[in-house]
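The file protein_12.txt comes next; it holds compact mmCIF, C-alpha atoms and all ligand atoms.
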```txt
# COMPACT_ATOMS: atom_id res chain seq x y z
CA MET A 1 161.23 91.39 160.52
CA THR A 2 162.59 88.01 161.65
CA ASN A 3 162.68 85.12 159.27
CA ASN A 4 159.90 83.50 161.17
CA GLU A 5 157.80 86.59 161.05
CA SER A 6 158.45 86.96 157.37
CA ASP A 7 157.53 83.31 156.69
CA ASN A 8 154.32 83.80 158.62
CA SER A 9 153.31 86.91 156.75
CA LEU A 10 154.15 85.24 153.46
CA GLU A 11 151.89 82.42 154.37
CA TRP A 12 149.27 84.87 155.54
CA ALA A 13 149.58 86.75 152.27
CA SER A 14 149.27 83.66 150.17
CA GLN A 15 146.27 82.56 152.20
CA ALA A 16 144.77 85.99 151.77
CA TYR A 17 145.53 85.85 148.09
CA ALA A 18 143.86 82.46 147.77
CA LEU A 19 140.85 83.70 149.67
CA LEU A 20 140.59 86.85 147.61
CA LYS A 21 141.03 84.85 144.43
CA GLU A 22 138.22 82.55 145.53
CA LYS A 23 136.06 85.56 146.36
CA GLN A 24 136.78 87.11 143.00
CA GLU A 25 135.93 83.86 141.29
CA LEU A 26 132.66 83.67 143.20
CA GLN A 27 131.86 87.26 142.33
CA LYS A 28 132.61 86.54 138.70
CA GLN A 29 130.34 83.52 138.80
CA GLU A 30 127.65 85.57 140.51
CA LEU A 31 127.93 88.22 137.81
CA GLN A 32 127.77 85.61 135.09
CA LYS A 33 124.74 84.11 136.74
CA GLN A 34 123.06 87.48 136.94
CA GLU A 35 123.91 88.16 133.33
CA LEU A 36 122.43 84.82 132.31
CA GLU A 37 119.30 85.45 134.32
CA LYS A 38 118.94 88.86 132.71
CA LYS A 39 119.29 87.34 129.26
CA GLU A 40 116.77 84.66 130.15
CA LEU A 41 114.34 87.33 131.32
CA GLU A 42 114.85 89.39 128.18
CA LYS A 43 114.24 86.32 126.09
CA LYS A 44 111.04 85.60 127.98
CA GLU A 45 109.94 89.21 127.58
CA LEU A 46 110.60 89.04 123.85
CA GLU A 47 108.63 85.81 123.53
CA LYS A 48 105.81 87.43 125.45
CA GLN A 49 105.83 90.45 123.16
CA LYS A 50 105.88 88.19 120.14
CA GLU A 51 102.93 86.23 121.53
CA GLN A 52 101.08 89.46 122.23
CA LEU A 53 101.76 90.81 118.76
CA LYS A 54 100.55 87.57 117.29
CA GLU A 55 97.45 87.63 119.46
CA GLU A 56 96.72 91.23 118.62
CA PHE A 57 97.15 90.41 115.00
CA ASP A 58 95.07 87.25 115.20
CA GLN A 59 92.19 89.00 116.89
CA ASN A 60 92.22 92.15 114.82
CA ASP A 61 93.15 91.05 111.41
CA ILE A 62 92.20 87.43 110.99
CA SER A 63 88.66 87.88 112.26
CA LYS A 64 88.26 90.86 109.96
CA ILE A 65 89.37 88.92 106.96
CA GLN A 66 87.20 85.94 107.74
CA ASN A 67 83.69 87.21 107.12
CA GLU A 68 83.47 86.66 103.41
CA THR A 69 83.47 85.02 100.57
CA GLU A 70 80.03 83.76 99.62
CA SER A 71 77.52 86.53 98.99
CA ASN A 72 73.86 86.10 99.73
CA LEU A 73 71.01 87.88 98.11
CA GLY A 74 69.66 90.25 100.76
CA GLU A 75 66.20 91.76 101.08
CA PHE A 76 64.40 93.48 98.27
CA ASP A 77 64.86 96.75 100.10
CA GLU A 78 65.89 100.31 99.40
CA ASP A 79 69.56 99.35 99.18
CA PHE A 80 68.78 96.76 96.56
CA THR A 81 66.55 99.00 94.44
CA TRP A 82 68.94 101.90 94.59
CA SER A 83 71.91 99.68 93.64
CA ALA A 84 70.01 98.06 90.81
CA MET A 85 68.98 101.47 89.49
CA VAL A 86 72.58 102.70 89.55
CA LEU A 87 73.62 99.65 87.57
CA ALA A 88 70.74 100.09 85.13
CA ALA A 89 71.63 103.74 84.65
CA GLN A 90 75.03 102.57 83.41
CA GLY A 91 73.42 100.46 80.75
CA LYS A 92 73.64 97.09 82.52
CA LYS A 93 71.10 94.50 81.51
CA VAL A 94 69.12 92.66 84.20
CA ASN A 95 70.87 89.38 83.41
CA GLU A 96 74.30 91.00 83.73
CA ILE A 97 73.92 92.08 87.33
CA SER A 98 75.70 90.09 90.04
CA ILE A 99 75.03 89.84 93.77
CA ASP A 100 78.59 91.07 94.36
CA GLU A 101 77.86 94.29 92.50
CA ILE A 102 74.66 94.91 94.41
CA ASP A 103 76.45 94.11 97.67
CA TRP A 104 79.22 96.52 96.90
CA LEU A 105 76.94 99.37 95.87
CA SER A 106 74.83 98.93 98.99
CA LYS A 107 77.99 99.01 101.05
CA LEU A 108 79.25 102.11 99.27
CA ARG A 109 75.95 103.89 99.71
CA ARG A 110 75.78 103.00 103.39
CA GLY A 111 79.46 103.87 103.78
CA LEU A 112 79.00 107.32 102.38
CA GLU A 113 76.00 107.95 104.59
CA GLU A 114 77.97 110.01 107.11
CA THR A 115 79.45 112.16 104.36
CA ARG A 116 76.00 112.57 102.92
CA LYS A 117 74.42 113.49 106.24
CA GLY A 118 76.56 116.57 106.61
CA PHE A 119 75.99 117.53 103.03
CA VAL A 120 73.25 116.29 100.77
CA THR A 121 70.49 115.86 103.30
CA GLU A 122 71.03 119.38 104.51
CA LEU A 123 71.32 120.61 100.98
CA LEU A 124 68.06 119.00 99.94
CA ASP A 125 66.36 120.43 103.00
CA LYS A 126 67.63 123.87 102.13
CA LEU A 127 66.86 123.66 98.45
CA GLY A 128 63.46 122.07 98.80
CA ASP A 129 61.69 121.96 95.48
CA ASP A 130 62.20 125.63 94.82
CA PRO A 131 64.50 126.98 92.15
CA LEU A 132 68.10 127.69 93.17
CA THR A 133 68.91 131.15 94.50
CA PRO A 134 72.25 132.90 95.03
CA GLU A 135 71.72 132.24 98.77
CA SER A 136 71.33 128.51 98.23
CA LEU A 137 74.61 128.61 96.32
CA ASP A 138 76.28 130.14 99.37
CA ASP A 139 74.88 127.32 101.48
CA LEU A 140 76.10 124.78 98.97
CA GLU A 141 79.55 126.34 99.04
CA THR A 142 79.75 125.99 102.82
CA LEU A 143 78.51 122.42 102.68
CA LEU A 144 80.98 121.38 100.00
CA ILE A 145 83.89 122.81 101.94
CA ARG A 146 82.68 121.15 105.11
CA ALA A 147 82.55 117.84 103.26
CA ASP A 148 86.29 118.18 102.52
CA VAL A 149 85.71 118.64 98.81
CA GLY A 150 88.46 121.27 98.81
CA ILE A 151 88.54 124.94 97.88
CA ASP A 152 89.48 124.48 94.23
CA SER A 153 86.78 121.99 93.37
CA THR A 154 84.19 123.88 95.38
CA ASP A 155 85.01 127.10 93.52
CA ARG A 156 84.75 125.32 90.22
CA VAL A 157 81.37 123.83 91.02
CA ILE A 158 79.92 127.01 92.48
CA ASN A 159 81.14 129.14 89.57
CA SER A 160 79.58 126.94 86.94
CA LEU A 161 76.34 126.74 88.91
CA ARG A 162 76.34 130.53 89.27
CA LYS A 163 76.85 130.90 85.55
CA LYS A 164 73.99 128.55 84.84
CA LEU A 165 71.83 130.39 87.33
CA ASN A 166 72.48 133.69 85.53
CA GLU A 167 71.23 132.19 82.32
CA GLU A 168 68.16 130.30 83.43
CA VAL A 169 65.93 129.22 86.29
CA VAL A 170 67.33 126.07 87.88
CA GLY A 171 64.93 123.86 89.83
CA GLY A 172 66.07 121.93 92.90
CA GLU A 173 66.18 118.56 91.20
CA GLU A 174 67.88 119.94 88.15
CA GLY A 175 70.39 121.65 90.43
CA ILE A 176 71.30 118.29 91.98
CA LYS A 177 71.68 116.73 88.56
CA PHE A 178 73.92 119.56 87.46
CA LEU A 179 75.93 119.23 90.68
CA LYS A 180 76.42 115.51 90.07
CA ASP A 181 77.69 116.16 86.54
CA GLU A 182 80.12 118.78 87.83
CA LEU A 183 81.47 116.56 90.60
CA ARG A 184 81.82 113.67 88.18
CA ALA A 185 83.74 115.87 85.75
CA ILE A 186 86.19 116.79 88.51
CA ILE A 187 86.87 113.17 89.42
CA GLU A 188 86.99 112.04 85.82
CA LYS A 189 89.55 114.61 84.72
CA PRO A 190 92.71 112.91 86.00
CA ILE A 191 91.32 109.54 84.91
CA LYS A 192 90.79 110.83 81.37
CA ASN A 193 94.24 112.48 81.42
CA SER A 194 95.84 109.16 82.27
CA GLY A 195 94.35 107.63 79.14
CA LEU A 196 93.29 104.62 81.18
CA ASN A 197 89.69 104.25 82.29
CA VAL A 198 90.20 101.39 84.71
CA LEU A 199 93.49 100.08 85.99
CA VAL A 200 93.97 96.42 85.12
CA PRO A 201 97.20 94.47 84.65
CA GLN A 202 98.34 94.45 81.01
CA LYS A 203 98.66 90.96 79.64
CA GLY A 204 102.00 89.65 78.37
CA LYS A 205 104.06 91.88 80.66
CA LEU A 206 104.95 91.96 84.30
CA ASN A 207 102.86 94.59 86.05
CA VAL A 208 104.28 95.81 89.34
CA TRP A 209 102.00 97.76 91.62
CA LEU A 210 103.74 99.49 94.50
CA ILE A 211 101.35 100.13 97.35
CA VAL A 212 102.59 103.22 99.19
CA GLY A 213 101.33 105.54 101.92
CA VAL A 214 101.81 106.42 105.57
CA ASN A 215 101.30 103.99 108.44
CA GLY A 216 97.82 102.75 109.17
CA VAL A 217 96.03 104.05 106.08
CA GLY A 218 95.25 100.49 104.95
CA LYS A 219 98.06 99.53 102.57
CA THR A 220 98.38 95.90 103.60
CA THR A 221 94.61 95.39 103.79
CA THR A 222 94.18 96.99 100.37
CA LEU A 223 96.90 94.83 98.94
CA GLY A 224 95.15 91.73 100.28
CA LYS A 225 91.90 92.78 98.66
CA LEU A 226 93.70 93.57 95.40
CA ALA A 227 95.31 90.13 95.43
CA TYR A 228 91.87 88.59 95.81
CA LEU A 229 90.36 90.70 93.04
CA SER A 230 93.24 90.01 90.71
CA SER A 231 93.55 86.27 91.25
CA LYS A 232 89.78 85.92 90.98
CA SER A 233 90.03 87.67 87.62
CA ASN A 234 92.60 85.04 86.54
CA TYR A 235 95.71 87.19 86.64
CA LYS A 236 98.72 85.25 87.88
CA THR A 237 99.43 87.22 90.99
CA LEU A 238 102.30 87.38 93.50
CA ILE A 239 102.83 89.42 96.64
CA ALA A 240 106.14 90.96 97.80
CA ALA A 241 106.31 91.67 101.53
CA ALA A 242 108.59 94.69 101.31
CA ASP A 243 107.35 96.28 104.53
CA THR A 244 110.19 94.82 106.53
CA PHE A 245 109.81 97.48 109.19
CA ARG A 246 106.64 96.47 110.98
CA ALA A 247 106.97 93.28 112.97
CA ALA A 248 103.66 91.61 112.10
CA ALA A 249 103.46 92.89 108.52
CA VAL A 250 104.63 89.64 106.94
CA GLU A 251 102.22 87.46 108.93
CA GLN A 252 99.40 89.88 108.11
CA LEU A 253 100.19 89.58 104.41
CA GLN A 254 100.48 85.82 104.60
CA VAL A 255 96.94 85.60 105.96
CA TRP A 256 95.68 87.70 103.07
CA GLY A 257 97.76 85.60 100.67
CA GLU A 258 96.11 82.43 101.94
CA ARG A 259 92.64 83.91 101.68
CA SER A 260 93.19 84.96 98.09
CA ASN A 261 95.33 81.97 97.10
CA VAL A 262 98.32 84.13 96.23
CA ASP A 263 101.90 83.36 97.26
CA VAL A 264 103.83 85.82 99.37
CA ILE A 265 107.56 86.36 98.82
CA ALA A 266 109.13 87.48 102.10
CA ASN A 267 112.36 87.61 104.00
CA GLN A 268 111.72 86.75 107.63
CA SER A 269 114.93 88.22 109.03
CA LYS A 270 114.48 91.40 111.01
CA ASN A 271 115.14 94.64 109.12
CA ALA A 272 115.67 92.86 105.83
CA ASP A 273 116.33 95.19 102.92
CA PRO A 274 113.00 95.93 101.17
CA ALA A 275 114.74 96.22 97.81
CA ALA A 276 116.21 92.74 98.32
CA VAL A 277 112.73 91.34 98.95
CA VAL A 278 111.56 92.96 95.71
CA PHE A 279 114.60 91.48 93.96
CA ASP A 280 113.61 87.98 95.10
CA ALA A 281 109.98 88.60 94.23
CA ILE A 282 110.85 89.65 90.67
CA ASN A 283 112.91 86.51 90.22
CA ALA A 284 109.95 84.47 91.40
CA ALA A 285 107.54 86.45 89.20
CA ASN A 286 109.74 85.90 86.15
CA LYS A 287 110.07 82.21 86.86
CA ARG A 288 106.30 81.83 87.24
CA ASN A 289 105.41 84.12 84.39
CA SER A 290 103.28 86.25 86.72
CA ASP A 291 101.00 89.00 85.44
CA LEU A 292 100.91 91.09 88.57
CA LEU A 293 103.32 91.63 91.44
CA LEU A 294 101.80 93.53 94.35
CA VAL A 295 104.41 95.17 96.59
CA ASP A 296 103.60 96.10 100.17
CA THR A 297 105.85 98.90 101.42
CA ALA A 298 106.66 100.46 104.78
CA GLY A 299 104.83 103.59 105.77
CA ARG A 300 107.11 105.70 107.85
CA LEU A 301 106.23 109.35 107.51
CA GLN A 302 106.68 110.84 104.10
CA THR A 303 108.68 113.70 105.54
CA LYS A 304 111.48 111.26 106.28
CA ASN A 305 113.65 111.06 103.24
CA ASN A 306 114.60 107.45 103.72
CA LEU A 307 111.11 106.29 102.83
CA MET A 308 111.33 108.03 99.47
CA ASP A 309 114.88 106.72 99.02
CA GLU A 310 113.62 103.24 99.71
CA LEU A 311 110.87 103.61 97.12
CA SER A 312 113.25 104.85 94.46
CA LYS A 313 115.67 102.04 95.27
CA ILE A 314 112.83 99.55 94.76
CA LYS A 315 111.94 101.20 91.46
CA LYS A 316 115.55 101.05 90.29
CA ILE A 317 115.71 97.33 90.99
CA ILE A 318 112.54 96.77 88.98
CA ASP A 319 113.80 98.91 86.08
CA LYS A 320 117.07 97.04 86.04
CA LYS A 321 115.65 93.54 86.25
CA VAL A 322 112.52 93.95 84.13
CA PRO A 323 112.92 97.08 81.99
CA ASN A 324 109.62 96.49 80.22
CA ALA A 325 107.61 96.02 83.41
CA ILE A 326 104.66 98.32 83.90
CA ILE A 327 105.08 100.05 87.24
CA GLU A 328 102.17 101.66 89.04
CA SER A 329 102.79 103.60 92.24
CA LEU A 330 99.49 103.69 94.04
CA LEU A 331 99.09 105.95 97.03
CA VAL A 332 96.73 104.64 99.67
CA LEU A 333 94.76 107.33 101.48
CA ASP A 334 92.49 106.97 104.48
CA ALA A 335 89.33 108.98 103.72
CA SER A 336 88.65 109.51 107.41
CA GLN A 337 91.78 111.64 107.63
CA GLY A 338 90.17 114.31 105.44
CA GLN A 339 92.42 117.27 104.74
CA ASN A 340 95.35 115.51 106.36
CA GLY A 341 95.10 112.84 103.68
CA LEU A 342 95.16 115.56 101.08
CA LYS A 343 98.39 116.88 102.58
CA GLN A 344 99.92 113.41 102.46
CA ALA A 345 98.92 113.07 98.83
CA LYS A 346 100.52 116.38 97.94
CA SER A 347 103.79 115.58 99.63
CA PHE A 348 103.98 112.03 98.24
CA ALA A 349 103.08 113.26 94.77
CA LYS A 350 106.09 115.57 94.88
CA SER A 351 108.66 112.91 95.56
CA ALA A 352 107.23 109.49 94.87
CA ASN A 353 106.19 109.74 91.23
CA LEU A 354 102.67 108.48 91.85
CA SER A 355 100.40 107.17 89.14
CA GLY A 356 97.18 106.77 91.09
CA ALA A 357 95.35 106.80 94.38
CA ILE A 358 93.36 104.28 96.35
CA ILE A 359 90.91 105.70 98.87
CA THR A 360 90.18 103.47 101.86
CA LYS A 361 87.84 103.50 104.85
CA LEU A 362 85.03 105.22 103.02
CA ASP A 363 82.76 103.27 105.35
CA GLY A 364 81.74 105.24 108.37
CA THR A 365 83.55 108.51 107.75
CA SER A 366 82.00 111.88 107.11
CA ARG A 367 84.95 112.94 105.00
CA GLY A 368 84.44 110.98 101.80
CA GLY A 369 84.34 114.28 99.95
CA VAL A 370 88.11 114.37 100.16
CA SER A 371 88.18 112.05 97.14
CA LEU A 372 87.19 115.05 95.05
CA ALA A 373 89.99 117.16 96.43
CA ILE A 374 92.52 114.42 95.62
CA SER A 375 91.34 114.46 92.03
CA ALA A 376 91.17 118.21 91.70
CA GLU A 377 94.19 119.32 93.69
CA VAL A 378 96.67 116.49 93.30
CA ASN A 379 95.48 115.46 89.88
CA LEU A 380 95.63 111.77 90.77
CA PRO A 381 93.33 109.27 89.13
CA ILE A 382 91.49 107.30 91.80
CA ARG A 383 91.90 103.64 90.86
CA PHE A 384 90.22 101.69 93.63
CA ILE A 385 88.11 102.45 96.66
CA GLY A 386 87.71 100.48 99.85
CA ALA A 387 84.71 100.57 102.12
CA GLY A 388 85.22 97.90 104.74
CA GLU A 389 87.64 95.39 106.14
CA GLY A 390 86.46 92.27 104.31
CA ILE A 391 88.24 90.78 101.32
CA LYS A 392 85.51 91.91 98.92
CA ASP A 393 85.32 95.46 100.23
CA LEU A 394 87.41 96.99 97.48
CA ARG A 395 86.37 97.73 93.94
CA PRO A 396 87.75 99.47 90.90
CA PHE A 397 86.76 103.10 91.08
CA ASN A 398 83.70 104.09 89.13
CA SER A 399 82.97 107.82 89.19
CA PHE A 400 79.32 107.38 88.27
CA GLU A 401 78.68 105.03 91.16
CA PHE A 402 80.71 107.12 93.54
CA VAL A 403 78.87 110.37 92.83
CA GLU A 404 75.51 108.61 92.87
CA ALA A 405 76.35 107.14 96.27
CA LEU A 406 77.66 110.45 97.52
CA LEU A 407 74.50 112.29 96.51
CA ALA A 408 72.01 109.44 96.90
CA ASP A 409 68.99 111.36 97.98
CA ARG A 410 67.02 110.96 101.16
N1 LIG A 501 86.69 100.33 108.19
C1 LIG A 501 87.73 100.10 107.39
N2 LIG A 501 88.91 99.75 107.91
C2 LIG A 501 89.94 99.52 107.08
C3 LIG A 501 89.82 99.64 105.67
N3 LIG A 501 91.02 99.36 105.13
C4 LIG A 501 91.86 99.07 106.15
N4 LIG A 501 91.22 99.16 107.34
C5 LIG A 501 91.78 98.93 108.69
O1 LIG A 501 92.81 99.88 108.96
C6 LIG A 501 93.79 99.31 109.82
C7 LIG A 501 95.18 99.50 109.24
O2 LIG A 501 95.28 98.77 108.06
P1 LIG A 501 96.66 98.23 107.46
O3 LIG A 501 96.34 97.58 106.18
O4 LIG A 501 97.41 97.43 108.45
O5 LIG A 501 97.43 99.62 107.21
P2 LIG A 501 98.93 99.89 106.72
O6 LIG A 501 99.71 100.26 107.93
O7 LIG A 501 98.82 101.05 105.78
O8 LIG A 501 99.40 98.65 106.05
C8 LIG A 501 93.41 97.85 109.98
O9 LIG A 501 92.76 97.70 111.21
C9 LIG A 501 92.47 97.59 108.82
O10 LIG A 501 91.55 96.56 109.10
C10 LIG A 501 88.53 100.03 105.13
O11 LIG A 501 88.31 100.20 103.93
N5 LIG A 501 87.53 100.24 106.04
MG MG A 502 101.04 97.48 106.39
```
As structure tokens:
Amino acid sequence: MTNNESDNSLEWASQAYALLKEKQELQKQELQKQELEKKELEKKELEKQKEQLKEEFDQNDISKIQNETESNLGEFDEDFTWSAMVLAAQGKKVNEISIDEIDWLSKLRRGLEETRKGFVTELLDKLGDDPLTPESLDDLETLLIRADVGIDSTDRVINSLRKKLNEEVVGGEEGIKFLKDELRAIIEKPIKNSGLNVLVPQKGKLNVWLIVGVNGVGKTTTLGKLAYLSSKSNYKTLIAAADTFRAAAVEQLQVWGERSNVDVIANQSKNADPAAVVFDAINAANKRNSDLLLVDTAGRLQTKNNLMDELSKIKKIIDKKVPNAIIESLLVLDASQGQNGLKQAKSFAKSANLSGAIITKLDGTSRGGVSLAISAEVNLPIRFIGAGEGIKDLRPFNSFEFVEALLADR
């Protein structure tokens, strides 16, 4: 290579280098641009999802919550008379009855209609006015099982009816009365065992009610209704949004909080530690001298250990911070899930140290009978029942009313 040639190629090389460098720079810029655009798109997508979630939530939940709070006296119809009679049968005086009570009983009776259809109506048809026979007991057995009452409770009822039948003639109406007493005894047993007829916050202490259960059974809704019930009954109430798993859970709770005039303690950051939320909520509850702290929890499947771990972590925090707090772990069960709900109850009862159950969605399911199986087979006192999506559609459990509604004739 001559000097000249070498100079030329050096120049060529440096030109090439400069060109390549420029190209690389451009490529880099292009990549950066693409990266930016991608990020921008992702951001937009996220915003869109957030909007959608909010919309979904707004449409579903807010409209459901908003059809309350003033009750009106309805017609003097069958619902009214039946409800009034159920109240009278419990010793209520005429001047003690409220529209809310009548409303609720009508709702409960209507709600249990589907359960009744596959059960009582058929039973009454089969029994007629004639005395009970061993065959009608067989029919009753099938019907009770079909109504998700559970094998144990069904056996118990049938055996005592059979015994009675061996001793005397039992007329149709008397048979129904006997059946009601038996069913009531089954539901009452765990309530009596607990030594507490109705669950109310104890005054002078902090009561913490953990609302637990699998996804979608109605925990958050139930908690909202409980907040309403409790604040209306003049308990100083606070809500802890410890379901930090579901995106819209906090907003959903805040809507309920507003409706019931109860503050919600929450941590907006994604995947916040539920126990930390409870920690903050207890501090707030102590500062405000609250009577009741309602804790919403996440509902990932009970088979996953971390849910149980989370619950015990929450309990530890409560024990440590307020050793004399009264903790209730209330399992929420969706009646429409029938035997599946019973399974959930059994598995939660094993590991979550439950103190009671709340049955939801008794409106419009044919499986309300599962409440009996929960009492008989899981030995859990039923504390509240829900029959609708409105803020007033939850009441303390009353076994008399429940069995009357379950077996309301016609
Ligand atoms: N019909 C009816 N729907 C209910 C009742 N309780 C809750 N729901 C509905 O069940 C769905 C799930 O409720 P949610 O409280 O979000 O369940 P969570 O996942 O356990 O917190 C919502 O659409 C509620 O409106 C009830 O008593 N009756
Ligand atoms: Mg929830």
Near Ala241 (chain A), counting all atoms listed in the file, which residues have an atom at most 9 Å away, once you skip same-chain residues fewer than 4 positions from it, shown as a compact mmCIF listing (two decimals) with C-alpha atoms, in the coordinates of the input?
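Produced file part_0.txt, reproduced below:
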```
# COMPACT_ATOMS: atom_id res chain seq x y z
CA ALA A 249 103.46 92.89 108.52
CA VAL A 250 104.63 89.64 106.94
CA LEU A 253 100.19 89.58 104.41
CA GLN A 254 100.48 85.82 104.60
CA VAL A 264 103.83 85.82 99.37
CA ILE A 265 107.56 86.36 98.82
CA ALA A 266 109.13 87.48 102.10
CA ASN A 267 112.36 87.61 104.00
CA PRO A 274 113.00 95.93 101.17
CA VAL A 277 112.73 91.34 98.95
CA VAL A 278 111.56 92.96 95.71
CA ALA A 281 109.98 88.60 94.23
CA LEU A 294 101.80 93.53 94.35
CA VAL A 295 104.41 95.17 96.59
CA ASP A 296 103.60 96.10 100.17
CA THR A 297 105.85 98.90 101.42
```
Would you be able to write out as a PDB file with C-alpha atoms, in the frame of the given file which residues have an atom within 9 Å of (116.5, 98.9, 105.6) in the file's coordinates, counting all atoms listed in the file?
```pdb
ATOM      1  CA  THR A 244     110.190  94.820 106.530  1.00  0.00           C
ATOM      2  CA  PHE A 245     109.810  97.480 109.190  1.00  0.00           C
ATOM      3  CA  ASN A 271     115.140  94.640 109.120  1.00  0.00           C
ATOM      4  CA  ALA A 272     115.670  92.860 105.830  1.00  0.00           C
ATOM      5  CA  ASP A 273     116.330  95.190 102.920  1.00  0.00           C
ATOM      6  CA  PRO A 274     113.000  95.930 101.170  1.00  0.00           C
ATOM      7  CA  ALA A 275     114.740  96.220  97.810  1.00  0.00           C
ATOM      8  CA  ASN A 306     114.600 107.450 103.720  1.00  0.00           C
ATOM      9  CA  GLU A 310     113.620 103.240  99.710  1.00  0.00           C
TER      10      GLU A 310
END
```
Find the axis-aligned box for ligand LIG 501 (chain A), covering all its listed atoms and adding 6 Å on each side, and write its centre and edge lengths in Å to one decimal as AutoDock Vina command-line options.
```
--center_x 93.2 --center_y 98.8 --center_z 107.6 --size_x 25.0 --size_y 16.5 --size_z 19.3
```
Rows by chain and residue number, region 86-108 of chain A within 12 Å of region 347-365 of chain A, shortest pair, only C-alpha atoms, as JSON lines:
```
{"residue": "A:Trp104", "atom": "CA", "partner": "A:Asp363", "partner_atom": "CA", "distance": 11.4}
{"residue": "A:Leu105", "atom": "CA", "partner": "A:Asp363", "partner_atom": "CA", "distance": 11.8}
{"residue": "A:Ser106", "atom": "CA", "partner": "A:Asp363", "partner_atom": "CA", "distance": 11.1}
{"residue": "A:Lys107", "atom": "CA", "partner": "A:Asp363", "partner_atom": "CA", "distance": 7.7}
{"residue": "A:Leu108", "atom": "CA", "partner": "A:Asp363", "partner_atom": "CA", "distance": 7.1}
```
Checklist entry - Residues within 7 Å of ligand LIG 501 (chain A) (only C-alpha atoms and all ligand atoms), as a ChimeraX atom specification? => result /A:60-61,64,213-222,299,360-364,386-389,393
Next on the checklist: Report as an MDAnalysis selection string all protein, DNA and RNA residues lying within 6 Å of region 113-129 of chain A, evaluated on all atoms listed in the file, omitting residues in the same chain fewer than 6 positions from it.
Outcome noted: chainID A and resid 143 172 365:368 407
Item to check | Answer as an MDAnalysis selection string, residues within 7 Å of (98.2, 116.8, 93.5) using only C-alpha atoms | outcome: chainID A and resid 345:346 349 374 377:380
Checklist entry - Hey, which of A:Lys33, A:Lys48, A:Arg156, A:Lys236 ends up closest to Leu206 (chain A)? Count all atoms listed in the file. => result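 Closest to Leu206 (chain A) of all the choices is A:Lys236.
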